[in-house]
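> The structure is given below, and queries will be raised subsequently.
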Amino acid sequence: MASTKARSLTKAILYETIMFIFAILFFWAWFGSLEMSIYANFIFFIIKVCCYFTNERAWKAIKWGKI
């Protein structure tokens, strides 16, 4: 079954949004600074979404393991 680019992007954004929230809570508890946690996680959010999207598209092109 093939996935569209929109599906891959939606999966990436949803996954990273959930992880973003957990990371903010973790770093807020760890460092005590909500502002610093949000700023750092926003940058990582953008980077990770791009990486996840690229990974999804690359695996879509690989035929290994598909039936």
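We name chains A, B, ... following the order of the structure tokens; residues begin at 1 in each chain, and ligands are numbered from 1 as shown.
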Taking the chain letters and numbering used in this document, name the residues of chain A that DSSP puts in alpha helix (DSSP H), as a PyMOL selection string.

chain A and resi 5-31+34-61

> Got a sec: who's within 12 Å of range 29-41 of chain A, counting only C-alpha atoms, leaving out chain neighbours fewer than 6 positions off, as number ranges by chain?

A: 16-23, 47-49

> I'd like the interatomic distance between CA of Glu56 in chain A and CA of Phe27 in chain A, to a tenth of an Å.

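Computing it gives 27.8 Å between the two atoms.
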
> Just to confirm, what's the straight-line distance from CA of Lys5 in chain A to CA of Ile24 in chain A in Å (one decimal)?

28.0 Å

> Need to verify the contact set: Ala61 in chain A, 12 Å, only C-alpha atoms, exclusion of same-chain residues closer than 3 positions in sequence. Can you return it as a list of chain:residue names?

A:Met1, A:Ala2, A:Ser3, A:Thr4, A:Thr54, A:Asn55, A:Glu56, A:Arg57, A:Ala58, A:Trp64, A:Gly65, A:Lys66

> Filtering to C-alpha atoms, could you give me those residues as a compact mmCIF listing (two decimals), in the first residue's frame?


# COMPACT_ATOMS: atom_id res chain seq x y z
CA MET A 1 0.00 0.00 0.00
CA ALA A 2 1.43 3.35 -1.03
CA SER A 3 1.42 6.46 1.12
CA THR A 4 0.97 9.98 -0.17
CA THR A 54 12.62 12.40 4.43
CA ASN A 55 12.94 9.00 6.11
CA GLU A 56 9.31 8.12 5.33
CA ARG A 57 9.71 9.05 1.67
CA ALA A 58 12.98 7.14 1.36
CA TRP A 64 12.92 -4.51 0.37
CA GLY A 65 10.51 -6.19 2.80
CA LYS A 66 7.36 -5.41 0.84

> Point out the residue among A:Ala12, A:Ala6, A:Leu25, A:Ile67 with the least atom-to-atom distance to Cys50 in chain A, counting only C-alpha atoms.

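Using only C-alpha atoms, Cys50 in chain A sits closest to A:Ala12.
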
> Calculate how many Å separate CA of Tyr15 in chain A from CA of Phe45 in chain A, rounding to one decimal.

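Taking CA of Tyr15 in chain A and CA of Phe45 in chain A, their separation equals 10.1 Å.
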